[in-house]
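Coordinates from work-v6.pdb are shown below (PDB, C-alpha atoms, pLDDT in the B column).
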ATOM      1  CA  MET O  28     -34.728  18.074 -42.259  1.00 43.00           C
ATOM      2  CA  GLU O  29     -32.527  15.072 -41.507  1.00 48.00           C
ATOM      3  CA  SER O  30     -29.581  17.285 -40.535  1.00 49.00           C
ATOM      4  CA  SER O  31     -31.705  18.887 -37.795  1.00 57.00           C
ATOM      5  CA  LEU O  32     -32.346  15.592 -36.037  1.00 57.00           C
ATOM      6  CA  GLY O  33     -30.580  15.118 -32.722  1.00 61.00           C
ATOM      7  CA  PHE O  34     -30.848  15.786 -29.020  1.00 64.00           C
ATOM      8  CA  ALA O  35     -31.592  19.497 -29.451  1.00 70.00           C
ATOM      9  CA  HIS O  36     -34.379  18.703 -31.901  1.00 65.00           C
ATOM     10  CA  PHE O  37     -35.785  16.067 -29.539  1.00 65.00           C
ATOM     11  CA  LEU O  38     -35.695  18.518 -26.637  1.00 67.00           C
ATOM     12  CA  SER O  39     -37.480  21.182 -28.664  1.00 69.00           C
ATOM     13  CA  GLN O  40     -40.191  18.697 -29.661  1.00 66.00           C
ATOM     14  CA  SER O  41     -40.684  17.142 -26.194  1.00 69.00           C
ATOM     15  CA  ASP O  42     -43.481  18.201 -23.862  1.00 75.00           C
ATOM     16  CA  ALA O  43     -43.479  18.946 -20.135  1.00 81.00           C
ATOM     17  CA  VAL O  44     -43.359  15.259 -19.192  1.00 81.00           C
ATOM     18  CA  GLY O  45     -40.268  14.596 -21.327  1.00 78.00           C
ATOM     19  CA  ARG O  46     -38.489  17.637 -19.974  1.00 83.00           C
ATOM     20  CA  GLY O  47     -39.443  16.658 -16.429  1.00 87.00           C
ATOM     21  CA  VAL O  48     -37.892  13.218 -16.953  1.00 87.00           C
ATOM     22  CA  LEU O  49     -34.758  14.856 -18.324  1.00 88.00           C
ATOM     23  CA  LEU O  50     -34.509  17.174 -15.309  1.00 90.00           C
ATOM     24  CA  LEU O  51     -34.960  14.214 -12.953  1.00 93.00           C
ATOM     25  CA  LEU O  52     -32.119  12.344 -14.644  1.00 92.00           C
ATOM     26  CA  LEU O  53     -29.967  15.465 -14.450  1.00 92.00           C
ATOM     27  CA  ALA O  54     -30.689  15.832 -10.723  1.00 94.00           C
ATOM     28  CA  LEU O  55     -29.833  12.175 -10.078  1.00 94.00           C
ATOM     29  CA  SER O  56     -26.602  12.544 -12.043  1.00 94.00           C
ATOM     30  CA  VAL O  57     -25.536  15.701 -10.190  1.00 95.00           C
ATOM     31  CA  ALA O  58     -26.342  14.146  -6.795  1.00 94.00           C
ATOM     32  CA  SER O  59     -24.472  10.943  -7.656  1.00 95.00           C
ATOM     33  CA  TRP O  60     -21.353  12.691  -8.894  1.00 95.00           C
ATOM     34  CA  TYR O  61     -21.388  15.043  -5.904  1.00 96.00           C
ATOM     35  CA  LEU O  62     -21.429  12.053  -3.543  1.00 95.00           C
ATOM     36  CA  ILE O  63     -18.805  10.213  -5.602  1.00 95.00           C
ATOM     37  CA  LEU O  64     -16.375  13.133  -5.488  1.00 96.00           C
ATOM     38  CA  THR O  65     -16.959  14.218  -1.891  1.00 95.00           C
ATOM     39  CA  LYS O  66     -16.961  10.716  -0.397  1.00 95.00           C
ATOM     40  CA  GLY O  67     -13.973   9.674  -2.495  1.00 94.00           C
ATOM     41  CA  ILE O  68     -11.896  12.621  -1.277  1.00 95.00           C
ATOM     42  CA  ALA O  69     -13.125  12.199   2.317  1.00 93.00           C
ATOM     43  CA  ASN O  70     -12.276   8.484   2.327  1.00 94.00           C
ATOM     44  CA  LEU O  71      -8.793   9.167   0.967  1.00 94.00           C
ATOM     45  CA  LEU O  72      -8.077  11.795   3.622  1.00 93.00           C
ATOM     46  CA  ALA O  73      -9.581   9.628   6.384  1.00 92.00           C
ATOM     47  CA  GLY O  74      -7.322   6.732   5.447  1.00 92.00           C
ATOM     48  CA  ARG O  75      -4.223   8.915   5.625  1.00 93.00           C
ATOM     49  CA  ARG O  76      -5.218  10.435   8.971  1.00 92.00           C
ATOM     50  CA  ALA O  77      -5.956   6.991  10.410  1.00 92.00           C
ATOM     51  CA  ALA O  78      -2.587   5.634   9.309  1.00 93.00           C
ATOM     52  CA  ARG O  79      -0.760   8.560  10.940  1.00 92.00           C
ATOM     53  CA  PHE O  80      -2.745   8.271  14.167  1.00 92.00           C
ATOM     54  CA  LEU O  81      -2.329   4.491  14.507  1.00 92.00           C
ATOM     55  CA  HIS O  82       1.413   4.780  13.969  1.00 92.00           C
ATOM     56  CA  ALA O  83       1.692   7.461  16.649  1.00 90.00           C
ATOM     57  CA  PHE O  84      -0.694   5.686  19.043  1.00 90.00           C
ATOM     58  CA  TRP O  85       1.026   2.309  19.042  1.00 90.00           C
ATOM     59  CA  ASN O  86       4.438   3.960  19.328  1.00 90.00           C
ATOM     60  CA  ALA O  87       3.390   5.821  22.483  1.00 86.00           C
ATOM     61  CA  ALA O  88       5.449   4.822  25.514  1.00 85.00           C
ATOM     62  CA  SER O  89       2.490   4.734  27.926  1.00 82.00           C
ATOM     63  CA  LEU O  90      -1.219   5.362  28.252  1.00 82.00           C
ATOM     64  CA  ASP O  91      -0.493   8.841  29.573  1.00 83.00           C
ATOM     65  CA  GLU O  92       1.406   9.626  26.389  1.00 87.00           C
ATOM     66  CA  ALA O  93      -1.467   8.177  24.369  1.00 86.00           C
ATOM     67  CA  ARG O  94      -3.912  10.434  26.243  1.00 86.00           C
ATOM     68  CA  ALA O  95      -1.700  13.422  25.476  1.00 87.00           C
ATOM     69  CA  LEU O  96      -1.730  12.422  21.828  1.00 87.00           C
ATOM     70  CA  LEU O  97      -5.535  12.243  21.852  1.00 86.00           C
ATOM     71  CA  ARG O  98      -5.794  15.682  23.445  1.00 85.00           C
ATOM     72  CA  ARG O  99      -3.926  17.087  20.449  1.00 85.00           C
ATOM     73  CA  GLN O 100      -6.382  15.421  18.070  1.00 82.00           C
ATOM     74  CA  PRO O 101      -9.427  17.563  17.198  1.00 80.00           C
ATOM     75  CA  ASP O 102     -12.809  15.983  17.931  1.00 77.00           C
ATOM     76  CA  GLY O 103     -14.266  14.122  14.980  1.00 72.00           C
ATOM     77  CA  ALA O 104     -11.078  14.312  12.938  1.00 74.00           C
ATOM     78  CA  ASP O 105     -10.484  10.567  12.842  1.00 86.00           C
ATOM     79  CA  ALA O 106     -12.638   7.527  13.628  1.00 89.00           C
ATOM     80  CA  PHE O 107      -9.775   5.610  15.249  1.00 92.00           C
ATOM     81  CA  ALA O 108      -8.846   8.567  17.452  1.00 91.00           C
ATOM     82  CA  GLY O 109     -12.476   8.979  18.468  1.00 89.00           C
ATOM     83  CA  LEU O 110     -12.735   5.292  19.370  1.00 91.00           C
ATOM     84  CA  ALA O 111      -9.536   5.445  21.410  1.00 90.00           C
ATOM     85  CA  ARG O 112     -10.788   8.578  23.168  1.00 89.00           C
ATOM     86  CA  GLN O 113     -14.068   6.876  24.107  1.00 86.00           C
ATOM     87  CA  ALA O 114     -12.167   3.826  25.376  1.00 86.00           C
ATOM     88  CA  LEU O 115      -9.737   5.795  27.507  1.00 85.00           C
ATOM     89  CA  GLU O 116     -12.539   7.940  28.943  1.00 81.00           C
ATOM     90  CA  THR O 117     -14.144   4.828  30.460  1.00 78.00           C
ATOM     91  CA  ASP O 118     -11.230   4.538  32.932  1.00 57.00           C
ATOM     92  CA  ALA O 119     -11.240   0.753  32.631  1.00 46.00           C
ATOM     93  CA  GLY O 120      -7.944   0.228  34.354  1.00 47.00           C
ATOM     94  CA  GLY O 121      -9.205   0.301  37.900  1.00 44.00           C
ATOM     95  CA  GLN O 122      -9.531   4.103  38.015  1.00 47.00           C
ATOM     96  CA  PRO O 123     -12.686   5.742  39.367  1.00 44.00           C
ATOM     97  CA  GLY O 124     -15.087   5.103  36.548  1.00 47.00           C
ATOM     98  CA  PRO O 125     -18.528   6.351  35.598  1.00 50.00           C
ATOM     99  CA  ARG O 126     -21.409   5.966  37.958  1.00 51.00           C
ATOM    100  CA  GLY O 127     -24.995   4.881  37.409  1.00 55.00           C
ATOM    101  CA  LEU O 128     -26.588   2.144  35.332  1.00 51.00           C
ATOM    102  CA  ALA O 129     -24.143   2.702  32.481  1.00 53.00           C
ATOM    103  CA  ALA O 130     -21.386   1.091  34.540  1.00 53.00           C
ATOM    104  CA  ALA O 131     -23.557  -1.281  36.568  1.00 54.00           C
ATOM    105  CA  GLY O 132     -22.193  -4.320  34.728  1.00 55.00           C
ATOM    106  CA  GLY O 133     -18.606  -3.536  35.534  1.00 62.00           C
ATOM    107  CA  ALA O 134     -15.788  -1.634  33.893  1.00 70.00           C
ATOM    108  CA  SER O 135     -15.140  -4.286  31.235  1.00 76.00           C
ATOM    109  CA  GLU O 136     -18.773  -4.374  30.128  1.00 80.00           C
ATOM    110  CA  PHE O 137     -18.925  -0.595  30.063  1.00 80.00           C
ATOM    111  CA  LEU O 138     -15.798  -0.515  27.906  1.00 83.00           C
ATOM    112  CA  THR O 139     -17.324  -3.074  25.533  1.00 84.00           C
ATOM    113  CA  ARG O 140     -20.483  -0.986  25.157  1.00 86.00           C
ATOM    114  CA  ALA O 141     -18.476   2.186  24.589  1.00 86.00           C
ATOM    115  CA  LEU O 142     -16.398   0.539  21.856  1.00 89.00           C
ATOM    116  CA  ARG O 143     -19.443  -0.992  20.186  1.00 91.00           C
ATOM    117  CA  ASN O 144     -21.262   2.335  20.290  1.00 90.00           C
ATOM    118  CA  GLY O 145     -18.292   4.056  18.639  1.00 90.00           C
ATOM    119  CA  ILE O 146     -18.209   1.482  15.845  1.00 92.00           C
ATOM    120  CA  ASP O 147     -21.967   1.808  15.281  1.00 92.00           C
ATOM    121  CA  GLN O 148     -21.685   5.588  15.039  1.00 91.00           C
ATOM    122  CA  GLU O 149     -18.899   5.291  12.467  1.00 92.00           C
ATOM    123  CA  ALA O 150     -20.918   2.729  10.484  1.00 93.00           C
ATOM    124  CA  ALA O 151     -23.852   5.145  10.318  1.00 92.00           C
ATOM    125  CA  ARG O 152     -21.530   7.961   9.240  1.00 92.00           C
ATOM    126  CA  VAL O 153     -19.805   6.104   6.402  1.00 92.00           C
ATOM    127  CA  GLU O 154     -23.142   4.856   5.035  1.00 92.00           C
ATOM    128  CA  HIS O 155     -24.464   8.403   4.646  1.00 90.00           C
ATOM    129  CA  GLY O 156     -25.375   9.066   1.012  1.00 90.00           C
ATOM    130  CA  LEU O 157     -25.180   5.449  -0.130  1.00 93.00           C
ATOM    131  CA  THR O 158     -28.970   5.116  -0.162  1.00 93.00           C
ATOM    132  CA  LEU O 159     -29.279   7.978  -2.638  1.00 93.00           C
ATOM    133  CA  MET O 160     -26.498   6.508  -4.766  1.00 94.00           C
ATOM    134  CA  ALA O 161     -28.142   3.082  -4.784  1.00 94.00           C
ATOM    135  CA  SER O 162     -31.512   4.638  -5.632  1.00 93.00           C
ATOM    136  CA  ALA O 163     -29.978   6.525  -8.549  1.00 93.00           C
ATOM    137  CA  GLY O 164     -28.283   3.391  -9.833  1.00 93.00           C
ATOM    138  CA  SER O 165     -31.445   1.293  -9.680  1.00 93.00           C
ATOM    139  CA  ALA O 166     -34.048   3.861 -10.709  1.00 93.00           C
ATOM    140  CA  ALA O 167     -32.255   5.845 -13.437  1.00 93.00           C
ATOM    141  CA  PRO O 168     -32.572   3.144 -16.169  1.00 93.00           C
ATOM    142  CA  TYR O 169     -36.321   2.882 -15.568  1.00 93.00           C
ATOM    143  CA  VAL O 170     -36.708   6.658 -15.549  1.00 92.00           C
ATOM    144  CA  GLY O 171     -34.840   6.791 -18.858  1.00 90.00           C
ATOM    145  CA  LEU O 172     -36.981   3.971 -20.235  1.00 91.00           C
ATOM    146  CA  PHE O 173     -40.126   5.826 -19.260  1.00 90.00           C
ATOM    147  CA  GLY O 174     -38.801   8.899 -21.054  1.00 86.00           C
ATOM    148  CA  THR O 175     -38.113   6.769 -24.139  1.00 86.00           C
ATOM    149  CA  VAL O 176     -41.613   5.268 -24.131  1.00 88.00           C
ATOM    150  CA  TRP O 177     -43.179   8.674 -23.682  1.00 83.00           C
ATOM    151  CA  GLY O 178     -40.989  10.171 -26.412  1.00 79.00           C
ATOM    152  CA  ILE O 179     -41.853   7.365 -28.869  1.00 82.00           C
ATOM    153  CA  TYR O 180     -45.544   7.777 -28.117  1.00 81.00           C
ATOM    154  CA  HIS O 181     -45.272  11.518 -28.605  1.00 75.00           C
ATOM    155  CA  ALA O 182     -43.335  11.069 -31.867  1.00 73.00           C
ATOM    156  CA  LEU O 183     -45.759   8.494 -33.277  1.00 77.00           C
ATOM    157  CA  VAL O 184     -48.707  10.743 -32.515  1.00 76.00           C
ATOM    158  CA  GLN O 185     -47.067  13.566 -34.457  1.00 71.00           C
ATOM    159  CA  VAL O 186     -46.217  11.233 -37.360  1.00 72.00           C
ATOM    160  CA  GLY O 187     -49.789   9.943 -37.408  1.00 74.00           C
ATOM    161  CA  MET O 188     -51.201  13.445 -37.459  1.00 73.00           C
ATOM    162  CA  SER O 189     -48.933  14.387 -40.355  1.00 68.00           C
ATOM    163  CA  GLY O 190     -50.119  11.399 -42.387  1.00 67.00           C
ATOM    164  CA  GLN O 191     -46.565  10.428 -43.387  1.00 66.00           C
ATOM    165  CA  GLY O 192     -45.819   7.023 -41.871  1.00 59.00           C
ATOM    166  CA  THR O 193     -42.803   6.053 -43.972  1.00 63.00           C
ATOM    167  CA  LEU O 194     -39.661   4.644 -42.350  1.00 62.00           C
ATOM    168  CA  ASP O 195     -37.605   7.777 -42.850  1.00 59.00           C
ATOM    169  CA  LYS O 196     -40.270   9.805 -41.050  1.00 63.00           C
ATOM    170  CA  VAL O 197     -40.574   7.379 -38.125  1.00 67.00           C
ATOM    171  CA  ALA O 198     -36.915   6.424 -37.589  1.00 66.00           C
ATOM    172  CA  GLY O 199     -35.747   9.931 -36.692  1.00 65.00           C
ATOM    173  CA  PRO O 200     -38.220  10.676 -33.859  1.00 67.00           C
ATOM    174  CA  VAL O 201     -37.947   7.140 -32.485  1.00 73.00           C
ATOM    175  CA  GLY O 202     -34.150   7.315 -32.522  1.00 73.00           C
ATOM    176  CA  GLU O 203     -34.263  10.633 -30.740  1.00 71.00           C
ATOM    177  CA  ALA O 204     -36.509   9.155 -28.065  1.00 75.00           C
ATOM    178  CA  LEU O 205     -33.966   6.392 -27.402  1.00 83.00           C
ATOM    179  CA  ILE O 206     -31.608   9.109 -26.147  1.00 84.00           C
ATOM    180  CA  MET O 207     -33.525   8.972 -22.873  1.00 86.00           C
ATOM    181  CA  THR O 208     -32.579   5.325 -22.338  1.00 89.00           C
ATOM    182  CA  ALA O 209     -28.929   6.152 -23.007  1.00 90.00           C
ATOM    183  CA  LEU O 210     -29.086   9.012 -20.507  1.00 91.00           C
ATOM    184  CA  GLY O 211     -30.621   6.720 -17.892  1.00 92.00           C
ATOM    185  CA  LEU O 212     -27.787   4.236 -18.350  1.00 94.00           C
ATOM    186  CA  ALA O 213     -25.211   7.048 -18.242  1.00 94.00           C
ATOM    187  CA  VAL O 214     -26.584   8.067 -14.837  1.00 94.00           C
ATOM    188  CA  ALA O 215     -26.964   4.538 -13.454  1.00 95.00           C
ATOM    189  CA  ILE O 216     -23.618   2.951 -14.399  1.00 95.00           C
ATOM    190  CA  PRO O 217     -21.321   5.373 -12.472  1.00 95.00           C
ATOM    191  CA  ALA O 218     -23.693   5.311  -9.490  1.00 95.00           C
ATOM    192  CA  VAL O 219     -23.723   1.496  -9.315  1.00 96.00           C
ATOM    193  CA  LEU O 220     -19.951   1.195  -9.712  1.00 96.00           C
ATOM    194  CA  ALA O 221     -19.326   3.845  -7.065  1.00 95.00           C
ATOM    195  CA  TYR O 222     -21.865   2.264  -4.684  1.00 96.00           C
ATOM    196  CA  ASN O 223     -20.124  -1.105  -4.927  1.00 96.00           C
ATOM    197  CA  ALA O 224     -16.695   0.487  -4.440  1.00 96.00           C
ATOM    198  CA  PHE O 225     -17.812   2.497  -1.388  1.00 96.00           C
ATOM    199  CA  ASN O 226     -19.599  -0.530   0.052  1.00 95.00           C
ATOM    200  CA  ARG O 227     -16.439  -2.606  -0.145  1.00 95.00           C
ATOM    201  CA  ARG O 228     -14.337   0.209   1.319  1.00 95.00           C
ATOM    202  CA  ASN O 229     -16.775   0.570   4.223  1.00 95.00           C
ATOM    203  CA  ARG O 230     -16.608  -3.155   5.013  1.00 95.00           C
ATOM    204  CA  VAL O 231     -12.799  -3.040   5.084  1.00 95.00           C
ATOM    205  CA  TRP O 232     -12.804   0.189   7.098  1.00 95.00           C
ATOM    206  CA  LEU O 233     -15.213  -1.127   9.729  1.00 95.00           C
ATOM    207  CA  ALA O 234     -13.297  -4.405   9.965  1.00 95.00           C
ATOM    208  CA  LYS O 235     -10.120  -2.454  10.729  1.00 94.00           C
ATOM    209  CA  LEU O 236     -12.016  -0.371  13.279  1.00 94.00           C
ATOM    210  CA  ASP O 237     -13.386  -3.522  14.912  1.00 94.00           C
ATOM    211  CA  ALA O 238      -9.880  -5.000  15.104  1.00 93.00           C
ATOM    212  CA  PHE O 239      -8.617  -1.772  16.687  1.00 93.00           C
ATOM    213  CA  ALA O 240     -11.475  -1.906  19.209  1.00 92.00           C
ATOM    214  CA  HIS O 241     -10.451  -5.464  20.127  1.00 91.00           C
ATOM    215  CA  ASP O 242      -6.866  -4.317  20.628  1.00 90.00           C
ATOM    216  CA  LEU O 243      -8.053  -1.467  22.838  1.00 90.00           C
ATOM    217  CA  TYR O 244     -10.136  -3.848  24.925  1.00 88.00           C
ATOM    218  CA  VAL O 245      -7.155  -6.141  25.435  1.00 86.00           C
ATOM    219  CA  LEU O 246      -4.931  -3.178  26.287  1.00 84.00           C
ATOM    220  CA  LEU O 247      -7.300  -1.527  28.768  1.00 83.00           C
ATOM    221  CA  ALA O 248      -9.348  -4.349  30.281  1.00 75.00           C
ATOM    222  CA  VAL O 249      -7.234  -7.496  30.106  1.00 67.00           C
ATOM    223  CA  GLY O 250      -3.981  -5.610  30.627  1.00 58.00           C
ATOM    224  CA  ALA O 251      -5.412  -3.762  33.616  1.00 51.00           C
ATOM    225  CA  ARG O 252      -6.547  -7.030  35.252  1.00 49.00           C
ATOM    226  CA  ARG O 253      -3.134  -8.584  34.710  1.00 45.00           C
ATOM    227  CA  GLY O 254      -1.461  -5.494  36.156  1.00 44.00           C
ATOM    228  CA  ALA O 255      -3.708  -5.599  39.225  1.00 41.00           C
ATOM    229  CA  ALA O 256      -3.034  -9.309  39.743  1.00 36.00           C
ATOM    230  CA  THR O 257       0.719  -8.763  39.442  1.00 38.00           C
ATOM    231  CA  ALA O 258       0.573  -5.936  41.973  1.00 39.00           C
ATOM    232  CA  ALA O 259      -1.405  -8.121  44.397  1.00 37.00           C
ATOM    233  CA  LEU O 260       1.125 -10.934  44.114  1.00 32.00           C
ATOM    234  CA  LYS O 261       3.978  -8.512  44.816  1.00 40.00           C
ATOM    235  CA  GLU O 262       2.191  -7.239  47.933  1.00 46.00           C
ATOM    236  CA  LYS O 263       1.689 -10.785  49.208  1.00 37.00           C
ATOM    237  CA  ALA O 264       5.323 -11.624  48.547  1.00 39.00           C
ATOM    238  CA  GLU O 265       6.444  -8.608  50.520  1.00 47.00           C
TER
END
Starting from the coordinates I provided, produce the structure as structure tokens.
Amino acid sequence: MESSLGFAHFLSQSDAVGRGVLLLLLALSVASWYLILTKGIANLLAGRRAARFLHAFWNAASLDEARALLRRQPDGADAFAGLARQALETDAGGQPGPRGLAAAGGASEFLTRALRNGIDQEAARVEHGLTLMASAGSAAPYVGLFGTVWGIYHALVQVGMSGQGTLDKVAGPVGEALIMTALGLAVAIPAVLAYNAFNRRNRVWLAKLDAFAHDLYVLLAVGARRGAATAALKEKAE
């Protein structure tokens, strides 16, 4: 009898509620590990693509060469390339810009809004899936604890009905029920660690994107105004 105790014995003795709790923990674990693997690989590839693009972008000889570089970049392939594309499409350097209320505040303000909108879109993209991961990390221990409580109750009812309340008869079913708590912790710990790691990576990533947006603003808006002022001074001197 004692040799048959274990997870398989607990599963065979559990009712629909216990099996439902087990399936819920399994679903949370699968969803968490899917997000961990997919987001981890995506973040690694995104970092490499961004490094290659930034190196090529800042080594471009002119804005025309930078625009040619962006035309070779597929849409949505890189957040930094997308931000640069949005910035260059505003035509902030004195070129004929967009019409309507979007550009009513001037080219510099329109460029600022375009850059901020690009950063907000990237922030929403990188946060996708983190809510589920955080929910799994916070809820899985309580789901496992509920399964343990239900399993202990179920085991004690069976022990009471058998009329054998000795320690050796109670310890086995109660120990089996504690498996649910261990499973809840096994689901929660990787989810919490991954959530914290992705959260930190997203803060660093968005800070780099914000710094790049500032550099683009200086390049397109401030640089364009300085170029226009220099050209005006040359015309007056002539």
Residue IDs satisfying the PyMOL selection byres ((chain O and resi 40-51) around 9), as a ChimeraX atom specification:
/O:35-39,52-56,167,170-171,173-175,177-178,181-182,207,210
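By only C-alpha atoms, and with residues fewer than 2 positions from range 77-80 of chain O along its chain excluded, the set lying at most 10 Å from it is Leu72, Ala73, Gly74, Arg75, His82, Ala83, Phe84, Trp85, Asn86, Leu96, Leu97, Gln100, Ala104, Asp105, Ala106, Phe107, Ala108 and Leu236 of chain O.
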Skip range 232-234 of chain O itself and residues of its chain fewer than 2 positions away, then list as a ChimeraX atom specification all residues within 9 Å of it, counting only C-alpha atoms.
/O:74,146,149-150,227-230,236-239
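Nearest to Gly164 in chain O of all the residues O:Leu110, O:Leu138, O:Leu220, O:Val245 is O:Leu220, counting all atoms listed in the file.
Picture a line from CA of Val184 in chain O to CA of Leu205 in chain O; it runs 16.2 Å.
CA of Gly109 in chain O sits 10.9 Å away from CA of Ala141 in chain O.
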Kindly give the distance, in Å, that separates CA of Ala95 in chain O and CA of His241 in chain O, rounded to a single decimal.
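Answer for the CA of Ala95 in chain O to CA of His241 in chain O separation: 21.5 Å.
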Using only C-alpha atoms, what residues lie at most 12 Å away from (-28.0, 6.6, 0.1) (file coordinates), given as an MDAnalysis selection string?
chainID O and resid 55 58:59 62:63 66 151:165 218:219 221:222 225:226
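Nearest to Val214 in chain O of all the residues O:Val201, O:Leu246, O:Ala166, O:Leu90 is O:Ala166, counting only C-alpha atoms.
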